[in-house]
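Below is the file work_10.txt, which contains compact mmCIF, C-alpha atoms.
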```txt
# COMPACT_ATOMS: atom_id res chain seq x y z
CA LYS A 269 122.36 134.70 100.89
CA MET A 270 119.08 136.61 101.04
CA CYS A 271 118.64 135.66 104.72
CA PHE A 272 122.08 136.99 105.59
CA GLY A 273 121.34 140.07 103.51
CA ALA A 274 118.20 140.62 105.57
CA GLY A 275 120.23 140.61 108.78
CA ALA A 276 120.16 136.99 109.93
CA LYS A 277 122.99 136.27 112.41
CA GLU A 278 123.03 132.56 111.62
CA LEU A 279 121.20 129.91 109.62
CA VAL A 280 120.44 126.61 111.33
CA LEU A 281 119.58 123.54 109.27
CA LEU A 282 116.90 121.46 110.99
CA ASN A 283 117.62 118.26 109.06
CA LYS A 284 120.74 116.46 107.84
CA SER A 285 121.26 118.39 104.61
CA SER A 286 124.61 119.72 105.71
CA SER A 287 127.01 117.41 103.90
CA GLU A 288 129.25 118.74 101.14
CA GLU A 289 127.91 116.03 98.82
CA TYR A 290 124.34 117.23 99.27
CA TRP A 291 125.07 120.81 98.26
CA SER A 292 127.48 119.86 95.47
CA ARG A 293 124.52 118.53 93.47
CA SER A 294 123.58 122.14 92.78
CA SER A 295 125.26 124.02 89.95
CA LEU A 296 125.33 127.04 92.29
CA SER A 297 127.24 125.32 95.10
CA LYS A 298 130.58 126.91 94.23
CA GLU A 299 129.10 130.39 93.90
CA TYR A 300 127.56 130.17 97.37
CA GLN A 301 130.20 128.06 99.12
CA ASP A 302 130.84 130.73 101.78
CA GLU A 303 127.18 130.76 102.81
CA ILE A 304 126.99 126.95 102.75
CA LYS A 305 130.06 126.62 104.98
CA SER A 306 128.53 129.03 107.50
CA PHE A 307 125.38 126.90 108.07
CA GLN A 308 124.85 125.57 111.58
CA THR A 309 123.25 122.16 112.21
CA ALA A 310 120.49 121.53 114.71
CA GLY A 311 122.03 118.50 116.41
CA LYS A 312 120.24 115.48 117.81
CA ASP A 313 118.55 117.00 120.87
CA PHE A 314 114.77 116.67 120.90
CA ALA A 315 112.01 118.29 122.94
CA LYS A 316 108.72 116.62 123.79
CA ILE A 317 105.85 118.92 122.79
CA LYS A 318 102.20 118.50 123.80
CA ILE A 319 99.56 118.95 121.09
CA PRO A 320 96.23 119.41 122.92
CA GLN A 321 94.31 120.12 119.71
CA GLY A 322 95.74 117.09 117.91
CA LYS A 323 93.18 114.47 116.89
CA LYS A 324 95.55 111.50 116.61
CA LEU A 325 98.91 112.95 117.70
CA LYS A 326 98.78 114.32 121.25
CA GLU A 327 102.52 114.83 121.68
CA ALA A 328 105.62 114.73 119.51
CA GLN A 329 109.38 114.82 119.83
CA LEU A 330 110.83 117.62 117.72
CA VAL A 331 114.33 118.97 117.18
CA LYS A 332 114.92 121.55 119.92
CA ALA A 333 116.31 124.09 117.47
CA PHE A 334 112.94 124.06 115.68
CA MET A 335 111.27 125.46 118.79
CA GLU A 336 114.11 127.86 119.59
CA CYS A 337 114.72 129.58 116.24
CA ASP A 338 113.38 133.10 115.77
CA ILE A 339 112.26 132.56 112.17
CA PHE A 340 111.18 129.23 110.70
CA ILE A 341 111.38 128.84 106.90
CA ASN A 342 109.85 125.61 105.58
CA MET A 343 111.54 124.58 102.29
CA PRO A 344 110.13 121.34 100.82
CA LYS A 345 110.74 119.64 97.52
CA THR A 346 107.22 119.07 96.22
CA LYS A 347 106.51 115.75 94.48
CA ASN A 348 104.45 112.59 94.44
CA HIS A 349 104.43 110.32 97.48
CA ALA A 350 103.52 106.63 97.58
CA GLY A 351 101.55 107.02 100.81
CA THR A 352 99.99 110.49 101.00
CA ASN A 353 100.09 111.01 97.20
CA PHE A 354 101.76 114.39 97.73
CA THR A 355 104.74 115.92 99.52
CA GLY A 356 104.83 119.62 100.33
CA THR A 357 105.20 122.04 103.22
CA MET A 358 103.08 120.13 105.72
CA LYS A 359 104.61 116.72 105.15
CA ASN A 360 108.03 118.35 105.28
CA MET A 361 107.43 118.83 109.02
CA MET A 362 108.22 115.15 109.49
CA GLY A 363 111.83 116.17 108.90
CA VAL A 364 112.02 117.79 112.35
CA THR A 365 110.52 114.86 114.28
CA SER A 366 112.40 112.08 116.05
CA GLN A 367 112.47 108.53 114.68
CA GLU A 368 110.11 107.51 117.48
CA THR A 369 107.54 110.14 116.49
CA ASN A 370 108.04 109.42 112.80
CA GLY A 371 107.41 105.74 113.48
CA TYR A 372 104.18 106.56 115.32
CA PHE A 373 102.94 108.43 112.27
CA HIS A 374 103.24 105.21 110.29
CA PHE A 375 102.49 102.48 112.82
CA GLY A 376 100.74 104.11 115.78
CA ALA A 377 97.16 103.40 114.78
CA SER A 378 96.47 100.46 117.10
CA GLU A 379 92.89 100.25 115.90
CA THR A 380 94.07 99.33 112.42
CA LYS A 381 97.27 97.49 113.43
CA ALA A 382 99.26 99.07 110.61
CA LYS A 383 101.74 96.58 109.16
CA ASP A 384 103.66 98.78 106.76
CA PHE A 385 104.46 102.45 106.18
CA TYR A 386 101.33 103.25 104.21
CA SER A 387 98.67 100.78 105.35
CA ASP A 388 96.79 103.56 107.16
CA VAL A 389 97.10 106.75 105.12
CA GLN A 390 94.17 108.34 106.98
CA PHE A 391 96.03 108.05 110.28
CA LEU A 392 99.34 109.17 108.75
CA SER A 393 97.67 112.20 107.16
CA GLN A 394 96.01 113.22 110.44
CA CYS A 395 99.31 112.95 112.32
CA ILE A 396 100.96 115.17 109.73
CA THR A 397 98.17 117.69 110.18
CA ASP A 398 98.42 117.50 113.98
CA VAL A 399 102.18 118.12 114.09
CA ASN A 400 101.60 121.23 111.98
CA LEU A 401 99.55 122.66 114.86
CA ILE A 402 102.74 123.18 116.87
CA ARG A 403 104.20 126.07 114.92
CA LYS A 404 103.29 128.05 111.83
CA PRO A 405 106.11 128.68 109.33
CA ASP A 406 107.06 132.32 108.90
CA LEU A 407 107.65 131.56 105.23
CA CYS A 408 107.20 128.56 102.92
CA ILE A 409 109.36 128.18 99.82
CA ALA A 410 108.56 125.08 97.77
CA ASP A 411 110.90 123.80 95.08
CA ALA A 412 108.73 122.93 92.08
CA THR A 413 111.40 123.25 89.41
CA GLU A 414 111.63 119.52 88.62
CA LEU A 415 109.60 116.82 90.33
CA ILE A 416 108.38 113.25 89.98
CA THR A 417 104.64 112.73 89.62
CA THR A 418 104.73 108.93 89.99
CA ASN A 419 106.54 106.42 92.22
CA GLY A 420 107.48 109.04 94.80
CA PRO A 421 109.13 109.97 97.01
CA PHE A 422 112.29 108.24 95.77
CA GLY A 423 111.52 107.28 92.17
CA PRO A 424 112.42 106.59 89.51
CA GLY A 425 109.22 108.17 88.27
CA GLU A 426 107.68 110.36 85.63
CA LEU A 427 109.57 113.64 85.58
CA PHE A 428 107.69 116.93 85.29
CA LYS A 429 109.40 120.33 85.02
CA PRO A 430 107.12 123.24 86.01
CA GLN A 431 110.25 125.38 86.60
CA LYS A 432 108.57 127.19 89.49
CA VAL A 433 109.51 128.24 92.99
CA VAL A 434 106.37 128.71 95.08
CA ALA A 435 106.52 131.02 98.09
CA GLY A 436 103.88 132.08 100.59
CA ILE A 437 102.93 132.32 104.26
CA ASP A 438 99.83 130.09 103.98
CA ARG A 439 101.10 126.48 103.98
CA VAL A 440 97.71 125.04 103.00
CA ALA A 441 97.45 127.35 100.00
CA VAL A 442 101.08 126.67 99.00
CA ASP A 443 100.46 122.91 99.10
CA ALA A 444 97.16 123.22 97.23
CA TYR A 445 98.87 125.29 94.54
CA CYS A 446 101.81 122.91 94.24
CA CYS A 447 99.65 119.82 93.77
CA SER A 448 97.62 121.72 91.15
CA LEU A 449 100.77 121.92 89.02
CA TRP A 450 100.27 118.32 87.96
CA GLY A 451 96.49 118.19 87.85
CA LEU A 452 95.56 117.47 91.47
CA GLU A 453 93.39 119.59 93.74
CA GLY A 454 93.76 120.31 97.43
CA LYS A 455 90.60 118.31 98.10
CA ASP A 456 92.29 115.27 96.54
CA ILE A 457 94.92 115.19 99.31
CA ILE A 458 93.76 114.03 102.76
CA MET A 459 96.25 116.05 104.81
CA ILE A 460 95.47 119.27 102.92
CA ASN A 461 91.76 118.75 103.62
CA ARG A 462 92.44 118.02 107.30
CA ALA A 463 94.67 121.09 107.60
CA PHE A 464 91.93 123.26 106.14
CA ASP A 465 89.45 121.77 108.63
CA HIS A 466 91.91 122.65 111.43
CA GLY A 467 91.95 126.26 110.22
CA LEU A 468 95.60 126.17 109.18
CA GLY A 469 95.04 127.88 105.82
CA GLU A 470 92.98 128.27 102.66
CA ILE A 471 92.33 125.30 100.38
CA ASP A 472 90.31 127.17 97.72
CA LEU A 473 92.80 128.76 95.34
CA SER A 474 90.13 131.07 93.94
CA LYS A 475 90.25 132.84 97.33
CA VAL A 476 94.05 133.16 97.32
CA ASP A 477 95.98 136.15 95.98
CA ILE A 478 98.43 134.51 93.55
CA THR A 479 101.12 136.56 91.84
CA GLU A 480 103.42 135.11 89.18
CA SER A 481 106.69 136.62 88.04
CA GLU A 482 109.41 135.59 85.61
```

I'd like the structure from this file rewritten - as structure tokens, please.
Amino acid sequence: KMCFGAGAKELVLLNKSSSEEYWSRSSLSKEYQDEIKSFQTAGKDFAKIKIPQGKKLKEAQLVKAFMECDIFINMPKTKNHAGTNFTGTMKNMMGVTSQETNGYFHFGASETKAKDFYSDVQFLSQCITDVNLIRKPDLCIADATELITTNGPFGPGELFKPQKVVAGIDRVAVDAYCCSLWGLEGKDIIMINRAFDHGLGEIDLSKVDITESE
């Protein structure tokens, strides 16, 4: 509603969260049903993008609409993850990649001959960092209202309720702040460290201007 209020002509969903069942899980779905019905979906067309600065990922297939949209808003659900230990704005980028690219993230490290999704977290984390080199979000809005801190990403796990929505334009700082909500630090998460090394944002929260409001 705020996007339309700011003058957006259309909203395009870059993943598959367009079903009525998905939105009906929110207590606000009826109030905003007109906006929900107006959402466009990105489709299944992908574009192959070169990543010259990537250390492990040199090219990736991404949803075409991701490259074509005027404004990109990254909206993750932050939580624990069995592989990377943390899900936030940067890992959310895997949602715009093809299955082939997604599979490479998990199994592409020939030097380690990865046998399962998380047998090479170092490689996975670097690929996540590399795909984030393609485009910077114009805005990040992380849902940290309720999250699992164990047995993620699917659970069941320990439930923690910070009751926060975290917004910012620095994806590294947003991720570092979100993981701090349950006692982690940015330096504890490989992909956040790698992203900082790539110059994608600030990892030290003492250097970030943080404003809280009720």

- Within 9 Å of Leu282 in chain A, counting only C-alpha atoms, which residues show up once you throw out same-chain ones fewer than 2 positions away? Write them as a list of chain:residue names, please. A:Val280, A:Lys284, A:Ser285, A:Gln308, A:Thr309, A:Ala310, A:Gly311, A:Val331, A:Ala333, A:Phe334, A:Gly363, A:Val364

How close does range 335-388 of chain A get to range 270-279 of chain A? List, as CSV, each residue of range 335-388 of chain A within 10 Å, its nearest atom pair and the distance in Å to one decimal, counting all atoms listed in the file.
```
residue,atom,partner,partner_atom,distance
A:Cys337,CA,A:Leu279,CA,9.3
A:Asp338,CA,A:Ala276,CA,9.8
A:Ile339,CA,A:Ala276,CA,9.3
```

- Considering only C-alpha atoms, state which residue in the set A:Asn419, A:Asn400, A:Thr346, A:Thr365 is at the smallest distance from Asp443 in chain A. A:Thr346

Could you give me, as a short mmCIF file (atom, residue, chain, number, x, y, z; two decimals) with C-alpha atoms, in the coordinates of the input, the residues that sit within 9 Å of (95.2, 110.7, 112.2) in the file's coordinates, counting only C-alpha atoms?
```cif
data_model
loop_
_atom_site.label_atom_id
_atom_site.label_comp_id
_atom_site.auth_asym_id
_atom_site.auth_seq_id
_atom_site.Cartn_x
_atom_site.Cartn_y
_atom_site.Cartn_z
CA GLY A 322 95.74 117.09 117.91
CA LYS A 323 93.18 114.47 116.89
CA LYS A 324 95.55 111.50 116.61
CA LEU A 325 98.91 112.95 117.70
CA PHE A 373 102.94 108.43 112.27
CA ALA A 377 97.16 103.40 114.78
CA ASP A 388 96.79 103.56 107.16
CA VAL A 389 97.10 106.75 105.12
CA GLN A 390 94.17 108.34 106.98
CA PHE A 391 96.03 108.05 110.28
CA LEU A 392 99.34 109.17 108.75
CA SER A 393 97.67 112.20 107.16
CA GLN A 394 96.01 113.22 110.44
CA CYS A 395 99.31 112.95 112.32
CA ILE A 396 100.96 115.17 109.73
CA THR A 397 98.17 117.69 110.18
CA ASP A 398 98.42 117.50 113.98
#
```

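With distances restricted to only C-alpha atoms, A:Lys345 is the closest residue to Val433 in chain A from A:Lys345, A:Lys316, A:Lys332, A:Lys269.
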
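Among the candidates A:Met358, A:Lys312, A:Ile304, A:Ile319, the one nearest to Asn342 in chain A when counting all atoms listed in the file is A:Met358.
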
- Item | For CA of Cys408 in chain A and CA of Ala435 in chain A, the interatomic separation in Å (one decimal) | 5.5 Å

Return as JSON the centre and edge lengths, in Å with one decimal, of the box along x, y and z that encloses every atom of range 269-274 of chain A in the file, padded by 3 Å per side.
```
{"center_x": 120.3, "center_y": 137.7, "center_z": 103.2, "size_x": 10.2, "size_y": 11.9, "size_z": 10.7}
```

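In terms of minimum interatomic distance to Phe422 in chain A, A:Ala350 ranks closest within A:Ile402, A:Leu449, A:Ala350, A:Ile317, counting all atoms listed in the file.
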
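For the point (104.3, 113.2, 121.7) in file coordinates, the residues within 10 Å, using all atoms listed in the file, are Ala315, Lys316, Ile317, Lys318, Ile319, Leu325, Lys326, Glu327, Ala328, Gln329, Leu330, Thr365, Ser366, Glu368, Thr369, Tyr372 and Val399 of chain A.
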
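If you measure from each of A:Glu336, A:Asp465, A:Glu426, A:Glu453 to Arg403 in chain A using all atoms listed in the file, the closest one turns out to be A:Glu336.
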
- Query: Which residue, A:Val442, A:Met335, A:Met459, A:Ile471, has the smallest gap to Asp313 in chain A when you use only C-alpha atoms?
  - Reply: A:Met335

- Message: Rounded to one decimal, what separation in Å do you get between CA of His349 in chain A and CA of Leu427 in chain A?
- Response: 13.4 Å

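When CA of Ser448 in chain A is paired with CA of Met361 in chain A, their separation reads 20.6 Å.
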